[in-house]
file query-v7.cif (mmCIF, N, CA and C atoms)
data_query
loop_
_atom_site.label_atom_id
_atom_site.label_comp_id
_atom_site.auth_asym_id
_atom_site.auth_seq_id
_atom_site.Cartn_x
_atom_site.Cartn_y
_atom_site.Cartn_z
N MET A 1 12.65 -6.60 -6.32
CA MET A 1 12.45 -5.19 -5.98
C MET A 1 11.77 -5.09 -4.61
N ALA A 2 12.30 -4.30 -3.76
CA ALA A 2 11.69 -4.07 -2.45
C ALA A 2 10.66 -2.96 -2.58
N SER A 3 9.64 -3.02 -1.73
CA SER A 3 8.63 -1.97 -1.74
C SER A 3 9.25 -0.66 -1.29
N TYR A 4 8.67 0.43 -1.78
CA TYR A 4 9.15 1.77 -1.44
C TYR A 4 7.96 2.64 -1.08
N VAL A 5 8.07 3.36 0.03
CA VAL A 5 7.04 4.32 0.43
C VAL A 5 7.72 5.69 0.51
N ALA A 6 7.27 6.61 -0.33
CA ALA A 6 7.86 7.95 -0.37
C ALA A 6 7.64 8.68 0.95
N PRO A 7 8.62 9.47 1.35
CA PRO A 7 8.49 10.25 2.60
C PRO A 7 7.23 11.11 2.65
N ALA A 8 6.77 11.57 1.50
CA ALA A 8 5.59 12.45 1.44
C ALA A 8 4.32 11.76 1.93
N ILE A 9 4.26 10.43 1.81
CA ILE A 9 3.04 9.72 2.24
C ILE A 9 3.31 8.76 3.39
N LYS A 10 4.52 8.77 3.91
CA LYS A 10 4.90 7.84 4.99
C LYS A 10 3.96 7.97 6.20
N ASP A 11 3.61 9.20 6.57
CA ASP A 11 2.72 9.41 7.72
C ASP A 11 1.36 8.74 7.51
N LYS A 12 0.82 8.87 6.31
CA LYS A 12 -0.47 8.24 5.99
C LYS A 12 -0.33 6.72 6.01
N PHE A 13 0.74 6.22 5.44
CA PHE A 13 0.99 4.78 5.39
C PHE A 13 1.07 4.21 6.80
N GLU A 14 1.72 4.92 7.69
CA GLU A 14 1.90 4.44 9.07
C GLU A 14 0.60 4.38 9.85
N THR A 15 -0.46 5.03 9.38
CA THR A 15 -1.74 4.97 10.09
C THR A 15 -2.49 3.67 9.81
N LEU A 16 -2.04 2.92 8.81
CA LEU A 16 -2.69 1.65 8.46
C LEU A 16 -2.35 0.59 9.49
N SER A 17 -3.17 -0.45 9.55
CA SER A 17 -2.89 -1.55 10.47
C SER A 17 -1.62 -2.29 10.04
N VAL A 18 -1.01 -2.96 10.99
CA VAL A 18 0.22 -3.72 10.70
C VAL A 18 -0.04 -4.76 9.62
N ASP A 19 -1.16 -5.46 9.72
CA ASP A 19 -1.49 -6.49 8.73
C ASP A 19 -1.64 -5.90 7.33
N LEU A 20 -2.30 -4.77 7.24
CA LEU A 20 -2.50 -4.13 5.94
C LEU A 20 -1.18 -3.62 5.37
N LYS A 21 -0.36 -3.02 6.22
CA LYS A 21 0.96 -2.57 5.77
C LYS A 21 1.78 -3.74 5.24
N ASN A 22 1.74 -4.86 5.94
CA ASN A 22 2.48 -6.04 5.50
C ASN A 22 1.97 -6.55 4.16
N LEU A 23 0.64 -6.57 3.99
CA LEU A 23 0.06 -6.99 2.71
C LEU A 23 0.55 -6.11 1.56
N ILE A 24 0.60 -4.81 1.81
CA ILE A 24 1.06 -3.87 0.78
C ILE A 24 2.53 -4.09 0.47
N LEU A 25 3.36 -4.19 1.51
CA LEU A 25 4.80 -4.33 1.32
C LEU A 25 5.18 -5.64 0.64
N GLU A 26 4.39 -6.69 0.86
CA GLU A 26 4.65 -7.99 0.23
C GLU A 26 4.50 -7.91 -1.29
N ARG A 27 3.81 -6.90 -1.77
CA ARG A 27 3.54 -6.78 -3.21
C ARG A 27 4.69 -6.14 -3.98
N ASN A 28 5.73 -5.72 -3.29
CA ASN A 28 6.87 -5.08 -3.94
C ASN A 28 6.44 -3.92 -4.82
N VAL A 29 5.73 -2.98 -4.20
CA VAL A 29 5.21 -1.83 -4.93
C VAL A 29 6.02 -0.58 -4.62
N LYS A 30 5.86 0.42 -5.48
CA LYS A 30 6.50 1.71 -5.29
C LYS A 30 5.40 2.73 -5.06
N LEU A 31 5.32 3.27 -3.85
CA LEU A 31 4.27 4.21 -3.50
C LEU A 31 4.87 5.61 -3.44
N ASN A 32 4.68 6.37 -4.50
CA ASN A 32 5.22 7.72 -4.57
C ASN A 32 4.24 8.78 -4.10
N ASN A 33 2.95 8.45 -4.16
CA ASN A 33 1.93 9.43 -3.77
C ASN A 33 0.67 8.70 -3.32
N MET A 34 -0.33 9.47 -2.91
CA MET A 34 -1.57 8.87 -2.41
C MET A 34 -2.29 8.06 -3.48
N GLN A 35 -2.18 8.47 -4.74
CA GLN A 35 -2.82 7.72 -5.83
C GLN A 35 -2.27 6.30 -5.87
N ASP A 36 -0.96 6.16 -5.73
CA ASP A 36 -0.34 4.83 -5.74
C ASP A 36 -0.87 3.99 -4.58
N LEU A 37 -0.96 4.60 -3.41
CA LEU A 37 -1.44 3.87 -2.22
C LEU A 37 -2.89 3.45 -2.41
N ILE A 38 -3.72 4.35 -2.89
CA ILE A 38 -5.14 4.05 -3.11
C ILE A 38 -5.29 2.93 -4.13
N GLN A 39 -4.49 2.96 -5.18
CA GLN A 39 -4.56 1.92 -6.21
C GLN A 39 -4.25 0.54 -5.63
N VAL A 40 -3.22 0.45 -4.79
CA VAL A 40 -2.87 -0.84 -4.18
C VAL A 40 -3.98 -1.29 -3.24
N LEU A 41 -4.54 -0.36 -2.48
CA LEU A 41 -5.64 -0.72 -1.57
C LEU A 41 -6.85 -1.22 -2.36
N GLU A 42 -7.15 -0.60 -3.49
CA GLU A 42 -8.27 -1.04 -4.33
C GLU A 42 -8.02 -2.44 -4.87
N GLN A 43 -6.78 -2.74 -5.24
CA GLN A 43 -6.44 -4.09 -5.72
C GLN A 43 -6.66 -5.12 -4.61
N ILE A 44 -6.26 -4.79 -3.40
CA ILE A 44 -6.43 -5.71 -2.27
C ILE A 44 -7.91 -5.96 -2.02
N VAL A 45 -8.72 -4.91 -2.06
CA VAL A 45 -10.16 -5.06 -1.86
C VAL A 45 -10.77 -5.92 -2.95
N ALA A 46 -10.39 -5.68 -4.20
CA ALA A 46 -10.93 -6.44 -5.32
C ALA A 46 -10.58 -7.92 -5.19
N GLU A 47 -9.35 -8.21 -4.78
CA GLU A 47 -8.93 -9.60 -4.61
C GLU A 47 -9.70 -10.25 -3.46
N GLY A 48 -9.96 -9.49 -2.40
CA GLY A 48 -10.72 -10.01 -1.27
C GLY A 48 -12.15 -10.33 -1.66
N GLU A 49 -12.73 -9.50 -2.51
CA GLU A 49 -14.10 -9.72 -2.97
C GLU A 49 -14.20 -10.91 -3.92
N ALA A 50 -13.12 -11.20 -4.64
CA ALA A 50 -13.12 -12.29 -5.60
C ALA A 50 -13.01 -13.66 -4.92
N GLU A 51 -12.58 -13.67 -3.67
CA GLU A 51 -12.42 -14.96 -2.96
C GLU A 51 -13.74 -15.53 -2.52
#
call {"tool": "encode", "arguments": {"input": "query-v7.cif", "output": "structure tokens"}}
result
Amino acid sequence: MASYVAPAIKDKFETLSVDLKNLILERNVKLNNMQDLIQVLEQIVAEGEAE
């Protein structure tokens, strides 16, 4: 499954750094709204803290 970013949040997604966008897209996630984006960002932060 390829990652999907809904048009409604595409503008917000594009404000992220290239590295962060790549990290999100590598996860093969479906981002339909801001809640989905925030959830993925929280997962990335939690994984970073666990290292």
call {"tool": "resolve_selection", "arguments": {"input": "query-v7.cif", "expression": "the PyMOL selection byres ((chain A and resi 21-31) around 5)", "output": "short mmCIF file (atom, residue, chain, number, x, y, z; two decimals) with N, CA and C atoms, keeping the file's coordinate frame"}}
result
data_model
loop_
_atom_site.label_atom_id
_atom_site.label_comp_id
_atom_site.auth_asym_id
_atom_site.auth_seq_id
_atom_site.Cartn_x
_atom_site.Cartn_y
_atom_site.Cartn_z
N MET A 1 12.65 -6.60 -6.32
CA MET A 1 12.45 -5.19 -5.98
C MET A 1 11.77 -5.09 -4.61
N ALA A 2 12.30 -4.30 -3.76
CA ALA A 2 11.69 -4.07 -2.45
C ALA A 2 10.66 -2.96 -2.58
N SER A 3 9.64 -3.02 -1.73
CA SER A 3 8.63 -1.97 -1.74
C SER A 3 9.25 -0.66 -1.29
N TYR A 4 8.67 0.43 -1.78
CA TYR A 4 9.15 1.77 -1.44
C TYR A 4 7.96 2.64 -1.08
N VAL A 5 8.07 3.36 0.03
CA VAL A 5 7.04 4.32 0.43
C VAL A 5 7.72 5.69 0.51
N ALA A 6 7.27 6.61 -0.33
CA ALA A 6 7.86 7.95 -0.37
C ALA A 6 7.64 8.68 0.95
N SER A 17 -3.17 -0.45 9.55
CA SER A 17 -2.89 -1.55 10.47
C SER A 17 -1.62 -2.29 10.04
N VAL A 18 -1.01 -2.96 10.99
CA VAL A 18 0.22 -3.72 10.70
C VAL A 18 -0.04 -4.76 9.62
N ASP A 19 -1.16 -5.46 9.72
CA ASP A 19 -1.49 -6.49 8.73
C ASP A 19 -1.64 -5.90 7.33
N LEU A 20 -2.30 -4.77 7.24
CA LEU A 20 -2.50 -4.13 5.94
C LEU A 20 -1.18 -3.62 5.37
N ASN A 32 4.68 6.37 -4.50
CA ASN A 32 5.22 7.72 -4.57
C ASN A 32 4.24 8.78 -4.10
N ASN A 33 2.95 8.45 -4.16
CA ASN A 33 1.93 9.43 -3.77
C ASN A 33 0.67 8.70 -3.32
#
call {"tool": "select_by_dssp", "arguments": {"input": "query-v7.cif", "residues": "chain A", "states": "alpha helix (DSSP H)", "output": "PyMOL selection string"}}
result
chain A and resi 7-14+18-25+34-50
call {"tool": "atom_distance", "arguments": {"input": "query-v7.cif", "atom1": "CA of Ala46 (chain A)", "atom2": "CA of Lys10 (chain A)"}}
result
23.7 Å
call {"tool": "axis_aligned_box", "arguments": {"input": "query-v7.cif", "around": "region 12-17 of chain A", "padding_each_side": "6 Å", "output": "JSON"}}
result
{"center_x": -0.6, "center_y": 3.3, "center_z": 7.9, "size_x": 17.1, "size_y": 23.2, "size_z": 17.1}
call {"tool": "atom_distance", "arguments": {"input": "query-v7.cif", "atom1": "CA of Gln35 (chain A)", "atom2": "CA of Ile9 (chain A)"}}
result
10.2 Å
call {"tool": "atom_distance", "arguments": {"input": "query-v7.cif", "atom1": "atom N of Leu16 (chain A)", "atom2": "CA of Leu41 (chain A)"}}
result
11.6 Å
call {"tool": "select_by_dssp", "arguments": {"input": "query-v7.cif", "residues": "chain A", "states": "strand (DSSP E or B)", "output": "tab-separated table (two decimals) with N, CA and C atoms, in the coordinates of the input"}}
result
chain	number	residue	atom	x	y	z
A	4	TYR	N	8.67	0.43	-1.78
A	4	TYR	CA	9.15	1.77	-1.44
A	4	TYR	C	7.96	2.64	-1.08
A	5	VAL	N	8.07	3.36	0.03
A	5	VAL	CA	7.04	4.32	0.43
A	5	VAL	C	7.72	5.69	0.51
A	30	LYS	N	5.86	0.42	-5.48
A	30	LYS	CA	6.50	1.71	-5.29
A	30	LYS	C	5.40	2.73	-5.06
A	31	LEU	N	5.32	3.27	-3.85
A	31	LEU	CA	4.27	4.21	-3.50
A	31	LEU	C	4.87	5.61	-3.44
call {"tool": "decode", "arguments": {"input": "query-v7.cif", "residues": "region 3-48 of chain A", "atoms": "N, CA and C atoms", "output": "mmCIF file, in the first residue's frame"}}
result
data_model
loop_
_atom_site.group_PDB
_atom_site.id
_atom_site.type_symbol
_atom_site.label_atom_id
_atom_site.label_comp_id
_atom_site.auth_asym_id
_atom_site.auth_seq_id
_atom_site.Cartn_x
_atom_site.Cartn_y
_atom_site.Cartn_z
ATOM 1 N N SER A 3 1.485 5.293 0.582
ATOM 2 C CA SER A 3 0.928 6.312 1.466
ATOM 3 C C SER A 3 0.008 7.229 0.686
ATOM 4 N N TYR A 4 -0.965 7.787 1.400
ATOM 5 C CA TYR A 4 -1.937 8.694 0.788
ATOM 6 C C TYR A 4 -2.092 9.918 1.675
ATOM 7 N N VAL A 5 -2.045 11.096 1.063
ATOM 8 C CA VAL A 5 -2.284 12.341 1.787
ATOM 9 C C VAL A 5 -3.485 13.019 1.119
ATOM 10 N N ALA A 6 -4.557 13.180 1.869
ATOM 11 C CA ALA A 6 -5.777 13.782 1.336
ATOM 12 C C ALA A 6 -5.532 15.231 0.923
ATOM 13 N N PRO A 7 -6.177 15.663 -0.146
ATOM 14 C CA PRO A 7 -6.031 17.053 -0.604
ATOM 15 C C PRO A 7 -6.338 18.083 0.488
ATOM 16 N N ALA A 8 -7.232 17.746 1.396
ATOM 17 C CA ALA A 8 -7.633 18.678 2.459
ATOM 18 C C ALA A 8 -6.479 19.035 3.395
ATOM 19 N N ILE A 9 -5.505 18.135 3.540
ATOM 20 C CA ILE A 9 -4.386 18.424 4.452
ATOM 21 C C ILE A 9 -3.055 18.509 3.720
ATOM 22 N N LYS A 10 -3.078 18.446 2.407
ATOM 23 C CA LYS A 10 -1.842 18.469 1.606
ATOM 24 C C LYS A 10 -1.000 19.717 1.910
ATOM 25 N N ASP A 11 -1.650 20.881 2.036
ATOM 26 C CA ASP A 11 -0.923 22.121 2.321
ATOM 27 C C ASP A 11 -0.169 22.033 3.642
ATOM 28 N N LYS A 12 -0.815 21.481 4.656
ATOM 29 C CA LYS A 12 -0.160 21.327 5.963
ATOM 30 C C LYS A 12 0.993 20.334 5.863
ATOM 31 N N PHE A 13 0.767 19.243 5.172
ATOM 32 C CA PHE A 13 1.790 18.213 5.005
ATOM 33 C C PHE A 13 3.018 18.796 4.324
ATOM 34 N N GLU A 14 2.809 19.631 3.325
ATOM 35 C CA GLU A 14 3.918 20.208 2.564
ATOM 36 C C GLU A 14 4.765 21.176 3.381
ATOM 37 N N THR A 15 4.272 21.637 4.528
ATOM 38 C CA THR A 15 5.060 22.547 5.365
ATOM 39 C C THR A 15 6.104 21.799 6.192
ATOM 40 N N LEU A 16 5.992 20.482 6.247
ATOM 41 C CA LEU A 16 6.951 19.674 7.011
ATOM 42 C C LEU A 16 8.278 19.586 6.273
ATOM 43 N N SER A 17 9.335 19.266 7.003
ATOM 44 C CA SER A 17 10.644 19.108 6.371
ATOM 45 C C SER A 17 10.635 17.893 5.440
ATOM 46 N N VAL A 18 11.534 17.905 4.483
ATOM 47 C CA VAL A 18 11.636 16.796 3.525
ATOM 48 C C VAL A 18 11.891 15.486 4.264
ATOM 49 N N ASP A 19 12.792 15.511 5.238
ATOM 50 C CA ASP A 19 13.110 14.295 5.994
ATOM 51 C C ASP A 19 11.886 13.753 6.735
ATOM 52 N N LEU A 20 11.129 14.645 7.340
ATOM 53 C CA LEU A 20 9.944 14.220 8.086
ATOM 54 C C LEU A 20 8.872 13.682 7.138
ATOM 55 N N LYS A 21 8.680 14.349 6.013
ATOM 56 C CA LYS A 21 7.717 13.852 5.024
ATOM 57 C C LYS A 21 8.111 12.457 4.554
ATOM 58 N N ASN A 22 9.390 12.251 4.300
ATOM 59 C CA ASN A 22 9.862 10.934 3.856
ATOM 60 C C ASN A 22 9.621 9.874 4.925
ATOM 61 N N LEU A 23 9.892 10.218 6.190
ATOM 62 C CA LEU A 23 9.639 9.276 7.290
ATOM 63 C C LEU A 23 8.169 8.869 7.334
ATOM 64 N N ILE A 24 7.292 9.834 7.153
ATOM 65 C CA ILE A 24 5.849 9.556 7.182
ATOM 66 C C ILE A 24 5.458 8.681 6.002
ATOM 67 N N LEU A 25 5.912 9.041 4.801
ATOM 68 C CA LEU A 25 5.524 8.305 3.592
ATOM 69 C C LEU A 25 6.055 6.872 3.591
ATOM 70 N N GLU A 26 7.207 6.648 4.219
ATOM 71 C CA GLU A 26 7.781 5.298 4.299
ATOM 72 C C GLU A 26 6.889 4.351 5.098
ATOM 73 N N ARG A 27 6.016 4.902 5.912
ATOM 74 C CA ARG A 27 5.166 4.084 6.786
ATOM 75 C C ARG A 27 3.923 3.549 6.081
ATOM 76 N N ASN A 28 3.722 3.919 4.838
ATOM 77 C CA ASN A 28 2.552 3.468 4.085
ATOM 78 C C ASN A 28 1.255 3.744 4.837
ATOM 79 N N VAL A 29 1.073 5.011 5.183
ATOM 80 C CA VAL A 29 -0.101 5.423 5.946
ATOM 81 C C VAL A 29 -1.110 6.135 5.058
ATOM 82 N N LYS A 30 -2.332 6.225 5.553
ATOM 83 C CA LYS A 30 -3.399 6.947 4.869
ATOM 84 C C LYS A 30 -3.764 8.142 5.733
ATOM 85 N N LEU A 31 -3.468 9.338 5.256
ATOM 86 C CA LEU A 31 -3.725 10.551 6.015
ATOM 87 C C LEU A 31 -4.931 11.263 5.418
ATOM 88 N N ASN A 32 -6.072 11.076 6.048
ATOM 89 C CA ASN A 32 -7.313 11.683 5.562
ATOM 90 C C ASN A 32 -7.606 13.028 6.206
ATOM 91 N N ASN A 33 -7.042 13.241 7.400
ATOM 92 C CA ASN A 33 -7.315 14.487 8.118
ATOM 93 C C ASN A 33 -6.147 14.790 9.065
ATOM 94 N N MET A 34 -6.253 15.909 9.760
ATOM 95 C CA MET A 34 -5.172 16.326 10.662
ATOM 96 C C MET A 34 -4.966 15.331 11.803
ATOM 97 N N GLN A 35 -6.036 14.687 12.257
ATOM 98 C CA GLN A 35 -5.905 13.689 13.324
ATOM 99 C C GLN A 35 -4.971 12.563 12.888
ATOM 100 N N ASP A 36 -5.128 12.107 11.652
ATOM 101 C CA ASP A 36 -4.268 11.038 11.131
ATOM 102 C C ASP A 36 -2.812 11.497 11.106
ATOM 103 N N LEU A 37 -2.585 12.726 10.653
ATOM 104 C CA LEU A 37 -1.220 13.259 10.577
ATOM 105 C C LEU A 37 -0.613 13.382 11.969
ATOM 106 N N ILE A 38 -1.369 13.917 12.905
ATOM 107 C CA ILE A 38 -0.886 14.073 14.279
ATOM 108 C C ILE A 38 -0.564 12.718 14.893
ATOM 109 N N GLN A 39 -1.393 11.731 14.639
ATOM 110 C CA GLN A 39 -1.165 10.387 15.182
ATOM 111 C C GLN A 39 0.160 9.806 14.676
ATOM 112 N N VAL A 40 0.439 9.960 13.388
ATOM 113 C CA VAL A 40 1.697 9.452 12.832
ATOM 114 C C VAL A 40 2.878 10.210 13.415
ATOM 115 N N LEU A 41 2.740 11.515 13.563
ATOM 116 C CA LEU A 41 3.827 12.312 14.152
ATOM 117 C C LEU A 41 4.085 11.889 15.598
ATOM 118 N N GLU A 42 3.029 11.602 16.353
ATOM 119 C CA GLU A 42 3.191 11.149 17.739
ATOM 120 C C GLU A 42 3.903 9.799 17.788
ATOM 121 N N GLN A 43 3.599 8.919 16.848
ATOM 122 C CA GLN A 43 4.279 7.618 16.787
ATOM 123 C C GLN A 43 5.771 7.806 16.514
ATOM 124 N N ILE A 44 6.101 8.705 15.608
ATOM 125 C CA ILE A 44 7.509 8.967 15.277
ATOM 126 C C ILE A 44 8.242 9.509 16.497
ATOM 127 N N VAL A 45 7.613 10.432 17.223
ATOM 128 C CA VAL A 45 8.225 10.992 18.426
ATOM 129 C C VAL A 45 8.431 9.909 19.478
ATOM 130 N N ALA A 46 7.423 9.067 19.685
ATOM 131 C CA ALA A 46 7.520 8.004 20.685
ATOM 132 C C ALA A 46 8.646 7.040 20.340
ATOM 133 N N GLU A 47 8.781 6.706 19.067
ATOM 134 C CA GLU A 47 9.848 5.796 18.647
ATOM 135 C C GLU A 47 11.219 6.452 18.834
ATOM 136 N N GLY A 48 11.297 7.755 18.589
ATOM 137 C CA GLY A 48 12.551 8.472 18.775
ATOM 138 C C GLY A 48 12.958 8.519 20.235
#
